[in-house]
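**Q** Below is one structure. I have some questions about it.
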Amino acid sequence: MSEHQDDSLLQDFLSESAEHLESIEPDLLALEKQAPQVSQEIVNRIFRAIHSIKGASGFFGFERLKQVSHLMESVLMRVRDGVLIPHPHVVEPLLMGVDLLNVMVDDIHRSENLDTSALEDALRHYSKADTPFVVGSEDFALPKPNHNTDESRASRNVVNTAPSFYVESERLANAKRMGQFVYVATLDTNLHLFDMHRSYDDFINNIESIGTVLASTVSELESNAPPPSFNVLFSTVLEKDLVLHALELEEAQLADYEVPIVDESIHTPQTDARFYNETPEVKVEAPATSTTEVSYDTLRVRVDLLNTLMDFAGELVLARNQLMRAVQSDKQLSTKNEAFAQVLDSINTVTNQLQDHIMQTRMQPIENVFRRFPRIVRDLSKQLNKKIQLQMIGQDVELDKSILEGLSDPLTHMIRNACDHGIEATEKRKALGKPVSGTITLHAFHEAGQIHLRIEDDGKGIDTQALGRKAIANGVMSQAEFDDLSHQEKLNLIFHAGLSTAEAVTDLSGRGVGMDVVRANIEALGGHVYLESSLGKGSAVVLQLPLTLAIIPCLVVGVGEERFAVPRVNLLELVRVKANEVHQRIERIGEASVLRLRGNWLPLVKLADVLNLQQPNDTRRHIEDARFSDPVKVEQIPEIRRQSPESDYTLLVLSVGMNQYGLIVDEAYDIEDIVVKPLSTLIKNVRAFSGTTIMGDGSVAMICDVVGIATQSELDFSGVQTEQLRRQELEKQRQGTTNVDGFEFDAAGNLLSPLLEKQSVLLFQNQPQEPFAIPLAEVLRLEYVQSKKIESVGNREFVRVHHETISIIRLEQYLNVRSSNQDDENGYLILPLAGKGKVGIWVTDIIDSLEVDYRLDTDLIEDPCLYGSALIQDHVTLLLNVNALLKRAGVEILPSFAGSF
Amino acid sequence: MLEQKLITFKFGDIICGIPLLDVREIIPQMEHTPVPLSVPYVQGLINLRGQIVTLVDLTKIFKQDSLTLQHSKYNILLRNEAYAQEGLSPTDRIGFSVDAIGDVLPYFEADLDAPPANLNELDSRWIEAVLKQPEGIVTILNMSNILKEALQASLTTV
């Protein structure tokens, strides 16, 4: 029969059924949780959902589907009536039923071939456990027509008595509200149809001509061969005698139907109170998910239509960018015409808003993914014989559809992980004094323009030692290497393919494939994965995800003649290395070049090298590019570029998971919002790129895949890290050095070697051309002070600031430097951290605070109160050793600072 | 019998053709963005009114040293439907560069000849049929085979 049906109708049925099934599952779980109490609201909701599936499957002729849903309905009815308490053993077959229905709906045309007998038996067992099962009226709420009121309930199974209907209370209420009468017609098929030469359909049409059929005990299937008797519930504006006349019925066949009083706030199928006289009077709070459901006016829209809209919005953004660029380059255009500028402004605004809203159409609440987890956790906790609670926070956080789809598998994996080897067995938890029931928390929230997802459990945490043993056994690293790792790095071993801490491999997890896949999946979505763990207390996996993949902010960089886009999420900072410092700041370790950046070693990759750009005989060259027409020039250009003292290195510090690397480019331009277009099939295997985009000038640019580039260039992060640790350790052992505020000292407190790296310093001077610098980190605060407020006591000077007396140190008193200008009315006090806010160094002028690279020259300066001199902003600047100065001035300094000397 | 139409174009001196119905658009060569690390026959990407088209150098697929693009003056953009079944995604836009564009030739199925055993320039895999014309022989390309080869190469090269 199904093949004759309109296909689109069938599709609607299938998608609606799938939606119903999705809603049934959490409700069933809620029901189970609340047992032995039963929330009528929840049962009715499940009931209604199952009933619509049953009804429609009957209509389409999917017998098996109908049969299963029918049995489920029967069980539910007994639950609703309070005869059956929804204990797990009752809910189990219902959940299995949901699964089975899901399978059937997924592949509807083969649903008839499924063997459902086992489940049907289980359902049947509960549907008729203690009372005989009455066919025909068992699954309907029973609104009793008036004339039947005196009949006993026992007679319901007698043909042609109490009709029973399932009808939405809203429809009944609506009919009443519109002043319509609701009647129940009771007909004998032979007497009232065939003898009067009309079919069931004729009769129904007859009613439809005067009113609306609300329900009938004859299903659509049976309409050709109705049962011997049947009832029809309908509403009409006609008085009873007119109806009798119109339908050619006798008075006994038509009864008024009293619409029960409906609580308008709860839209559940209305039920006759008397039918529920066995129902215990229990009010159960519905689960939070259902009470807050607000229904917006919604419309089903095809996803491809949304995608097209998205594409057009993207085009608009590009066109807008081009327009803005064109106008900016043509000053006349924008300045001459005020109105034009305004139009441009509004185009800009509208485009932005349009883009935002169209993006929102693709946004879906993360609940769509979360929804399946209660069931998974429930099943797993049974299977593993553990008590596990699942808490979900932030289900309404919205994410782009494409990201949501990609999240489902990794999240499921992590939930399984948490259940299987996160949460301990019940006895163990008892022994440890933990709550018997373990808790897994799924928390989604916004932070810094990204979505954060935290999967946390209060289980045993990750045993880094066990991980280490495994890693060593598998030859991933040596014991010494493992010992050198930080806690975080040890945790990260879990991302290493082939390592699992589960002692026994279960069918759930423990095979050691998984977390590496999770990380790969999340990174493919442009996100990051972090781990937190505290042994014995629990662990957490944190996912950081972009909101959307369609339009992302990117830094546009140039290499040679080409431009590339680098996603900003991966970009930590931009560093410029002066050409003449390149050989000092960049070292080679084995195969890799590394940059020392604030104590860390950053492996470096040259984008041009990774992409094989600027090589002679490169076939992938821009044909219009004149440079390449002459092979000799091609050879020269990169060399010249590399050696030119004018050209600095521009470095992008990029993050890949927990690792970082530096990408060397020729030029870094702007950060722009770019529209991501997928790679075509012919180039999607190029790992270095994740997509393409159209730039403001209309040209195409490739979007770099930060992970892909690292893989492509075979960056060995662990190698660099290990080497860095080894060298640092070696250095320390040899020298017994300490590192304070960027300066390196030996055990005796002598400055060792100047560190060539960025330092934040405060620049000041007392006399022009005699600047000083101190590390910004040593400064507590600055105070602006008027000279006249300075009081002298003996040979010491004090000033009161904010009710505190600060002792003043003048540099010329302790150092061989020019004195400050006494005529100056005002000056500043630099309060060093070590002086606890009680001492201030008097300076006339604060020049700047800035981050600088400098090379410390210690040869010319003998004074221990000065580290040395350095060239900062083209001036020879004296670097002040504040601690030594304070000591010389007889100031008691903070112990922590004193300790380093 | 239905009259069909062929668009002719040149690689160097060879006249080739494909059914006109397979062609979406012919555009003059425009500046394109090369794709580093891609297979050699991917010439680059162009922005055609907001859609990104992958340009292919067919002569590189032919692997015939004597046959290379000379001027690359025009791009022939293929209609999606013409190659949808070749394992390419329906969102892919593909075009190829040619040295010159020739006439549109009407022809009947009966006018076509099977490709000769050795057409000196091209492997018979790439040839669907030939059409004799006063100006010379028009080689009708087997785009299906050509694109299949292109796809294969792009999937195996990483």
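Residue numbers start at 1 in each chain; chains themselves are named A, B, ... in the order of the structure tokens; ligands are numbered from 1 in the order shown.
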Sorted by chain and rising residue number, which residues of chain B lie within 10 Å of chain A, and what are their closest atom pairs and distances in Å to one decimal, counting only C-alpha atoms, as a Markdown table?

**A**
```
| residue | atom | partner | partner_atom | distance |
| --- | --- | --- | --- | --- |
| B:Met30 | CA | A:Glu624 | CA | 9.0 |
| B:Glu31 | CA | A:Glu624 | CA | 6.8 |
| B:His32 | CA | A:His622 | CA | 6.8 |
| B:Thr33 | CA | A:Val700 | CA | 5.9 |
| B:Pro34 | CA | A:Arg620 | CA | 5.7 |
| B:Val35 | CA | A:Arg620 | CA | 6.6 |
| B:Pro36 | CA | A:Leu611 | CA | 5.4 |
| B:Leu37 | CA | A:Leu611 | CA | 6.1 |
| B:Ser38 | CA | A:Ile683 | CA | 6.0 |
| B:Val39 | CA | A:Ile683 | CA | 7.6 |
| B:Pro40 | CA | A:Thr619 | CA | 6.2 |
| B:Tyr41 | CA | A:Arg620 | CA | 8.2 |
| B:Val42 | CA | A:Arg620 | CA | 7.4 |
| B:Gln43 | CA | A:Arg620 | CA | 6.2 |
| B:Gly44 | CA | A:Arg620 | CA | 7.5 |
| B:Leu45 | CA | A:Val700 | CA | 6.6 |
| B:Ile46 | CA | A:Val700 | CA | 6.2 |
| B:Asn47 | CA | A:Val700 | CA | 6.1 |
| B:Leu48 | CA | A:Gly698 | CA | 9.1 |
| B:Arg49 | CA | A:Glu315 | CA | 8.7 |
| B:Gly50 | CA | A:Glu315 | CA | 6.1 |
| B:Gln51 | CA | A:Lys677 | CA | 8.7 |
| B:Ile52 | CA | A:Val700 | CA | 7.6 |
| B:Val53 | CA | A:Ser680 | CA | 8.3 |
| B:Thr54 | CA | A:Ser680 | CA | 7.0 |
| B:Leu55 | CA | A:Leu682 | CA | 9.8 |
| B:Val56 | CA | A:Leu682 | CA | 9.3 |
| B:His71 | CA | A:Ile623 | CA | 9.9 |
| B:Ser72 | CA | A:Ile623 | CA | 9.3 |
| B:Gly87 | CA | A:Thr681 | CA | 8.7 |
| B:Leu88 | CA | A:Thr681 | CA | 6.1 |
| B:Ser89 | CA | A:Thr681 | CA | 6.4 |
| B:Pro90 | CA | A:Thr681 | CA | 9.7 |
| B:Thr91 | CA | A:Ser680 | CA | 7.7 |
| B:Asp92 | CA | A:Ser680 | CA | 5.3 |
| B:Arg93 | CA | A:Ser680 | CA | 7.5 |
| B:Ile94 | CA | A:Ser680 | CA | 8.7 |
| B:Leu147 | CA | A:Leu682 | CA | 9.7 |
| B:Ala150 | CA | A:Leu682 | CA | 7.4 |
| B:Leu151 | CA | A:Leu682 | CA | 6.0 |
| B:Gln152 | CA | A:Leu682 | CA | 8.9 |
| B:Ala153 | CA | A:Leu682 | CA | 8.6 |
| B:Ser154 | CA | A:Leu682 | CA | 5.5 |
| B:Leu155 | CA | A:Asn685 | CA | 6.4 |
| B:Thr156 | CA | A:Asn685 | CA | 8.5 |
| B:Thr157 | CA | A:Asn685 | CA | 7.4 |
| B:Val158 | CA | A:Asn685 | CA | 5.6 |
```

**Q** Could the residues in this selection be saved with N, CA and C atoms as a compact mmCIF listing (two decimals), in the first residue's frame?

**A**
```txt
# COMPACT_ATOMS: atom_id res chain seq x y z
N MET B 30 41.39 34.44 -16.90
CA MET B 30 41.51 35.48 -15.89
C MET B 30 42.55 35.07 -14.87
N GLU B 31 42.93 36.05 -14.07
CA GLU B 31 43.97 35.80 -13.08
C GLU B 31 43.50 34.72 -12.12
N HIS B 32 44.35 33.76 -11.86
CA HIS B 32 43.91 32.72 -10.98
C HIS B 32 44.91 32.45 -9.86
N THR B 33 44.40 31.84 -8.82
CA THR B 33 45.21 31.56 -7.64
C THR B 33 45.71 30.13 -7.70
N PRO B 34 47.01 29.95 -7.71
CA PRO B 34 47.52 28.57 -7.75
C PRO B 34 47.25 27.87 -6.41
N VAL B 35 47.16 26.58 -6.46
CA VAL B 35 46.96 25.81 -5.23
C VAL B 35 48.25 25.03 -4.95
N PRO B 36 49.06 25.52 -4.02
CA PRO B 36 50.31 24.82 -3.75
C PRO B 36 50.02 23.39 -3.29
N LEU B 37 50.91 22.51 -3.60
CA LEU B 37 50.85 21.10 -3.17
C LEU B 37 49.77 20.28 -3.84
N SER B 38 49.03 20.88 -4.74
CA SER B 38 47.98 20.08 -5.39
C SER B 38 48.60 19.32 -6.56
N VAL B 39 47.80 18.45 -7.16
CA VAL B 39 48.31 17.69 -8.30
C VAL B 39 48.64 18.65 -9.45
N PRO B 40 49.60 18.30 -10.26
CA PRO B 40 50.11 19.25 -11.26
C PRO B 40 49.05 19.80 -12.22
N TYR B 41 48.05 18.99 -12.52
CA TYR B 41 47.11 19.49 -13.53
C TYR B 41 46.14 20.53 -12.99
N VAL B 42 46.10 20.73 -11.67
CA VAL B 42 45.26 21.81 -11.15
C VAL B 42 46.00 23.12 -11.39
N GLN B 43 45.43 23.92 -12.30
CA GLN B 43 46.08 25.16 -12.67
C GLN B 43 45.88 26.20 -11.59
N GLY B 44 44.70 26.22 -11.02
CA GLY B 44 44.42 27.22 -10.01
C GLY B 44 42.94 27.43 -9.86
N LEU B 45 42.62 28.42 -9.02
CA LEU B 45 41.22 28.71 -8.75
C LEU B 45 40.88 30.10 -9.24
N ILE B 46 39.67 30.23 -9.79
CA ILE B 46 39.22 31.57 -10.17
C ILE B 46 37.89 31.85 -9.48
N ASN B 47 37.62 33.13 -9.35
CA ASN B 47 36.36 33.56 -8.76
C ASN B 47 35.43 33.96 -9.89
N LEU B 48 34.44 33.14 -10.13
CA LEU B 48 33.50 33.47 -11.19
C LEU B 48 32.21 33.92 -10.52
N ARG B 49 32.02 35.19 -10.43
CA ARG B 49 30.84 35.76 -9.81
C ARG B 49 30.52 35.10 -8.48
N GLY B 50 31.52 34.96 -7.67
CA GLY B 50 31.29 34.46 -6.32
C GLY B 50 31.42 32.96 -6.18
N GLN B 51 31.49 32.28 -7.32
CA GLN B 51 31.70 30.84 -7.20
C GLN B 51 33.14 30.52 -7.55
N ILE B 52 33.69 29.59 -6.79
CA ILE B 52 35.08 29.27 -7.03
C ILE B 52 35.18 28.10 -8.01
N VAL B 53 35.89 28.35 -9.09
CA VAL B 53 36.01 27.34 -10.14
C VAL B 53 37.44 26.80 -10.11
N THR B 54 37.55 25.49 -10.16
CA THR B 54 38.87 24.87 -10.23
C THR B 54 39.24 24.72 -11.70
N LEU B 55 40.35 25.32 -12.07
CA LEU B 55 40.79 25.23 -13.46
C LEU B 55 41.77 24.07 -13.62
N VAL B 56 41.56 23.33 -14.66
CA VAL B 56 42.37 22.14 -14.89
C VAL B 56 43.11 22.32 -16.21
N HIS B 71 49.04 29.39 -25.10
CA HIS B 71 48.67 30.75 -24.67
C HIS B 71 47.67 30.74 -23.53
N SER B 72 46.89 29.67 -23.48
CA SER B 72 45.89 29.57 -22.43
C SER B 72 44.99 30.81 -22.39
N GLY B 87 32.06 11.06 -9.77
CA GLY B 87 32.62 11.01 -8.42
C GLY B 87 32.98 12.38 -7.90
N LEU B 88 32.64 13.41 -8.64
CA LEU B 88 32.89 14.76 -8.18
C LEU B 88 31.67 15.23 -7.40
N SER B 89 31.89 16.13 -6.48
CA SER B 89 30.78 16.64 -5.69
C SER B 89 29.95 17.58 -6.56
N PRO B 90 28.63 17.61 -6.35
CA PRO B 90 27.78 18.48 -7.16
C PRO B 90 28.10 19.96 -6.97
N THR B 91 28.82 20.27 -5.90
CA THR B 91 29.14 21.69 -5.70
C THR B 91 30.44 22.07 -6.41
N ASP B 92 31.14 21.10 -6.93
CA ASP B 92 32.38 21.41 -7.64
C ASP B 92 32.08 22.15 -8.94
N ARG B 93 32.89 23.15 -9.18
CA ARG B 93 32.81 23.84 -10.46
C ARG B 93 34.15 23.62 -11.15
N ILE B 94 34.10 23.06 -12.34
CA ILE B 94 35.35 22.73 -12.99
C ILE B 94 35.41 23.33 -14.39
N LEU B 147 38.08 13.18 -16.66
CA LEU B 147 37.79 13.62 -15.29
C LEU B 147 37.99 12.49 -14.30
N ALA B 150 41.54 12.49 -13.60
CA ALA B 150 41.91 13.64 -12.78
C ALA B 150 41.57 13.37 -11.32
N LEU B 151 40.39 12.84 -11.11
CA LEU B 151 39.93 12.58 -9.76
C LEU B 151 40.80 11.53 -9.09
N GLN B 152 41.08 10.50 -9.85
CA GLN B 152 41.91 9.41 -9.33
C GLN B 152 43.25 9.95 -8.85
N ALA B 153 43.84 10.78 -9.70
CA ALA B 153 45.16 11.32 -9.37
C ALA B 153 45.08 12.18 -8.12
N SER B 154 44.01 12.97 -8.00
CA SER B 154 43.92 13.88 -6.86
C SER B 154 43.70 13.12 -5.56
N LEU B 155 43.07 11.96 -5.66
CA LEU B 155 42.80 11.21 -4.44
C LEU B 155 44.00 10.40 -3.99
N THR B 156 44.82 10.01 -4.95
CA THR B 156 45.96 9.18 -4.56
C THR B 156 47.15 10.03 -4.14
N THR B 157 47.23 11.25 -4.66
CA THR B 157 48.34 12.11 -4.25
C THR B 157 47.92 12.84 -2.99
N VAL B 158 48.74 12.80 -2.00
CA VAL B 158 48.43 13.55 -0.78
C VAL B 158 49.49 14.62 -0.61
```

**Q** Quick one: everything within 10 Å of Ile101 in chain B, counting only C-alpha atoms, minus sequence neighbours fewer than 2 positions away in the same chain. Send it as a ChimeraX atom specification.

**A** /B:7-11,15-17,26,28,73-76,98-99,103-104

**Q** Could the residues in this selection be saved with C-alpha atoms as a PDB file, in the first residue's frame?

**A**
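See out_35.pdb below for the written result:
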```
ATOM      1  CA  ILE B   7      32.227  23.392 -29.487  1.00  0.00           C
ATOM      2  CA  THR B   8      35.732  23.262 -30.860  1.00  0.00           C
ATOM      3  CA  PHE B   9      38.907  24.549 -29.250  1.00  0.00           C
ATOM      4  CA  LYS B  10      42.613  24.165 -29.636  1.00  0.00           C
ATOM      5  CA  PHE B  11      45.492  22.864 -27.590  1.00  0.00           C
ATOM      6  CA  ILE B  15      41.544  20.849 -32.699  1.00  0.00           C
ATOM      7  CA  CYS B  16      39.417  19.258 -30.042  1.00  0.00           C
ATOM      8  CA  GLY B  17      35.740  19.381 -29.298  1.00  0.00           C
ATOM      9  CA  ILE B  26      33.306  30.186 -21.936  1.00  0.00           C
ATOM     10  CA  PRO B  28      38.518  34.694 -21.270  1.00  0.00           C
ATOM     11  CA  LYS B  73      43.557  32.259 -23.662  1.00  0.00           C
ATOM     12  CA  TYR B  74      40.164  30.912 -22.655  1.00  0.00           C
ATOM     13  CA  ASN B  75      38.541  28.826 -19.997  1.00  0.00           C
ATOM     14  CA  ILE B  76      35.769  26.439 -20.825  1.00  0.00           C
ATOM     15  CA  VAL B  98      42.411  26.139 -23.920  1.00  0.00           C
ATOM     16  CA  ASP B  99      44.637  28.036 -26.327  1.00  0.00           C
ATOM     17  CA  ASP B 103      33.538  27.295 -34.189  1.00  0.00           C
ATOM     18  CA  VAL B 104      30.432  25.573 -33.038  1.00  0.00           C
TER      19      VAL B 104
END
```

**Q** Mind giving me the straight-line distance from CA of Pro228 in chain A to CA of Asn190 in chain A in Å, one decimal?

**A**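 Straight-line distance from CA of Pro228 in chain A to CA of Asn190 in chain A works out to 6.8 Å.
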
**Q** Could you list, as a count of residues only, every residue within 12 Å of Arg125 in chain B, counting only C-alpha atoms and ignoring same-chain residues fewer than 6 positions away?

**A** 19

**Q** Please provide as a list in words all residues within 7 Å of Pro19 in chain B, with the sequence filter that same-chain residues fewer than 3 positions apart are discarded (counting only C-alpha atoms).

**A**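 Skipping anything fewer than 3 positions along the chain leaves Lys5, Leu6, Ile7 and Asp22 of chain B.
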
**Q** With N, CA and C atoms retained, export the selected residues as an mmCIF file, in the first residue's frame.

**A**
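What landed in result-v9.cif:
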```cif
data_model
loop_
_atom_site.group_PDB
_atom_site.id
_atom_site.type_symbol
_atom_site.label_atom_id
_atom_site.label_comp_id
_atom_site.auth_asym_id
_atom_site.auth_seq_id
_atom_site.Cartn_x
_atom_site.Cartn_y
_atom_site.Cartn_z
ATOM 1 N N LYS B 5 25.499 19.609 -31.546
ATOM 2 C CA LYS B 5 26.495 20.664 -31.736
ATOM 3 C C LYS B 5 27.733 20.409 -30.895
ATOM 4 N N LEU B 6 28.826 20.839 -31.471
ATOM 5 C CA LEU B 6 30.126 20.596 -30.876
ATOM 6 C C LEU B 6 30.802 21.943 -30.729
ATOM 7 N N ILE B 7 31.411 22.185 -29.578
ATOM 8 C CA ILE B 7 32.227 23.392 -29.487
ATOM 9 C C ILE B 7 33.664 22.961 -29.712
ATOM 10 N N ASP B 22 27.483 20.274 -22.875
ATOM 11 C CA ASP B 22 28.245 20.054 -21.652
ATOM 12 C C ASP B 22 28.882 21.333 -21.124
#
```

**Q** Please extract the residues of chain B with a backbone DSSP assignment of strand (DSSP E) and present them as an NGL selection string.

**A** :B and (4-11 or 14-19 or 23-28 or 42-48 or 51-56 or 74-78 or 94-98 or 100-107 or 112-113 or 127-133 or 136-141)

**Q** Enumerate the residues of range 40-153 of chain B with a DSSP assignment of helix (DSSP H, G or I), computed from the backbone, and present them as a PyMOL selection string.

**A** chain B and resi 58-62+80-86+109-111+124-126+143-153

**Q** Take the residues from that selection and put them in a file with C-alpha atoms, as a PDB file, in the first residue's frame.

**A**
```pdb
ATOM      1  CA  LEU B  58      43.943  18.980 -19.596  1.00  0.00           C
ATOM      2  CA  THR B  59      47.223  18.690 -21.407  1.00  0.00           C
ATOM      3  CA  LYS B  60      48.837  17.683 -18.106  1.00  0.00           C
ATOM      4  CA  ILE B  61      46.342  14.884 -17.740  1.00  0.00           C
ATOM      5  CA  PHE B  62      47.129  13.694 -21.259  1.00  0.00           C
ATOM      6  CA  ASN B  80      27.672  20.237 -13.486  1.00  0.00           C
ATOM      7  CA  GLU B  81      25.325  17.714 -14.998  1.00  0.00           C
ATOM      8  CA  ALA B  82      27.888  16.743 -17.590  1.00  0.00           C
ATOM      9  CA  TYR B  83      30.221  15.200 -15.052  1.00  0.00           C
ATOM     10  CA  ALA B  84      28.102  14.683 -11.962  1.00  0.00           C
ATOM     11  CA  GLN B  85      28.454  10.949 -12.195  1.00  0.00           C
ATOM     12  CA  GLU B  86      32.220  10.979 -12.193  1.00  0.00           C
ATOM     13  CA  GLU B 109      25.938  10.887 -34.952  1.00  0.00           C
ATOM     14  CA  ALA B 110      26.593   9.241 -38.317  1.00  0.00           C
ATOM     15  CA  ASP B 111      29.335  11.732 -39.188  1.00  0.00           C
ATOM     16  CA  SER B 124      42.917   6.778 -27.320  1.00  0.00           C
ATOM     17  CA  ARG B 125      41.625   6.753 -23.733  1.00  0.00           C
ATOM     18  CA  TRP B 126      40.952  10.461 -24.011  1.00  0.00           C
ATOM     19  CA  MET B 143      35.579  14.041 -20.755  1.00  0.00           C
ATOM     20  CA  SER B 144      34.258  11.246 -18.643  1.00  0.00           C
ATOM     21  CA  ASN B 145      37.543   9.340 -18.808  1.00  0.00           C
ATOM     22  CA  ILE B 146      39.566  12.496 -18.446  1.00  0.00           C
ATOM     23  CA  LEU B 147      37.786  13.620 -15.295  1.00  0.00           C
ATOM     24  CA  LYS B 148      37.905  10.138 -13.882  1.00  0.00           C
ATOM     25  CA  GLU B 149      41.658  10.178 -14.316  1.00  0.00           C
ATOM     26  CA  ALA B 150      41.907  13.640 -12.780  1.00  0.00           C
ATOM     27  CA  LEU B 151      39.925  12.583  -9.756  1.00  0.00           C
ATOM     28  CA  GLN B 152      41.909   9.410  -9.335  1.00  0.00           C
ATOM     29  CA  ALA B 153      45.156  11.320  -9.371  1.00  0.00           C
TER      30      ALA B 153
END
```

**Q** When you look at Ile808 in chain A with a cut-off of 7 Å (counting only C-alpha atoms), what residues show up, excluding the ones that are within fewer than 6 positions of it in the same chain? I need them as number ranges by chain.

**A** A: 797-798, 839-842

**Q** Mind giving me the straight-line distance from CA of Gly691 in chain A to CA of Val676 in chain A in Å, one decimal?

**A**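 Those two atoms sit 6.1 Å apart.
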
**Q** If we count only C-alpha atoms, what is near Ser593 in chain A at a cut-off of 6 Å, once residues fewer than 2 positions away on the same chain are taken out, given as a count of residues only?

**A** 4
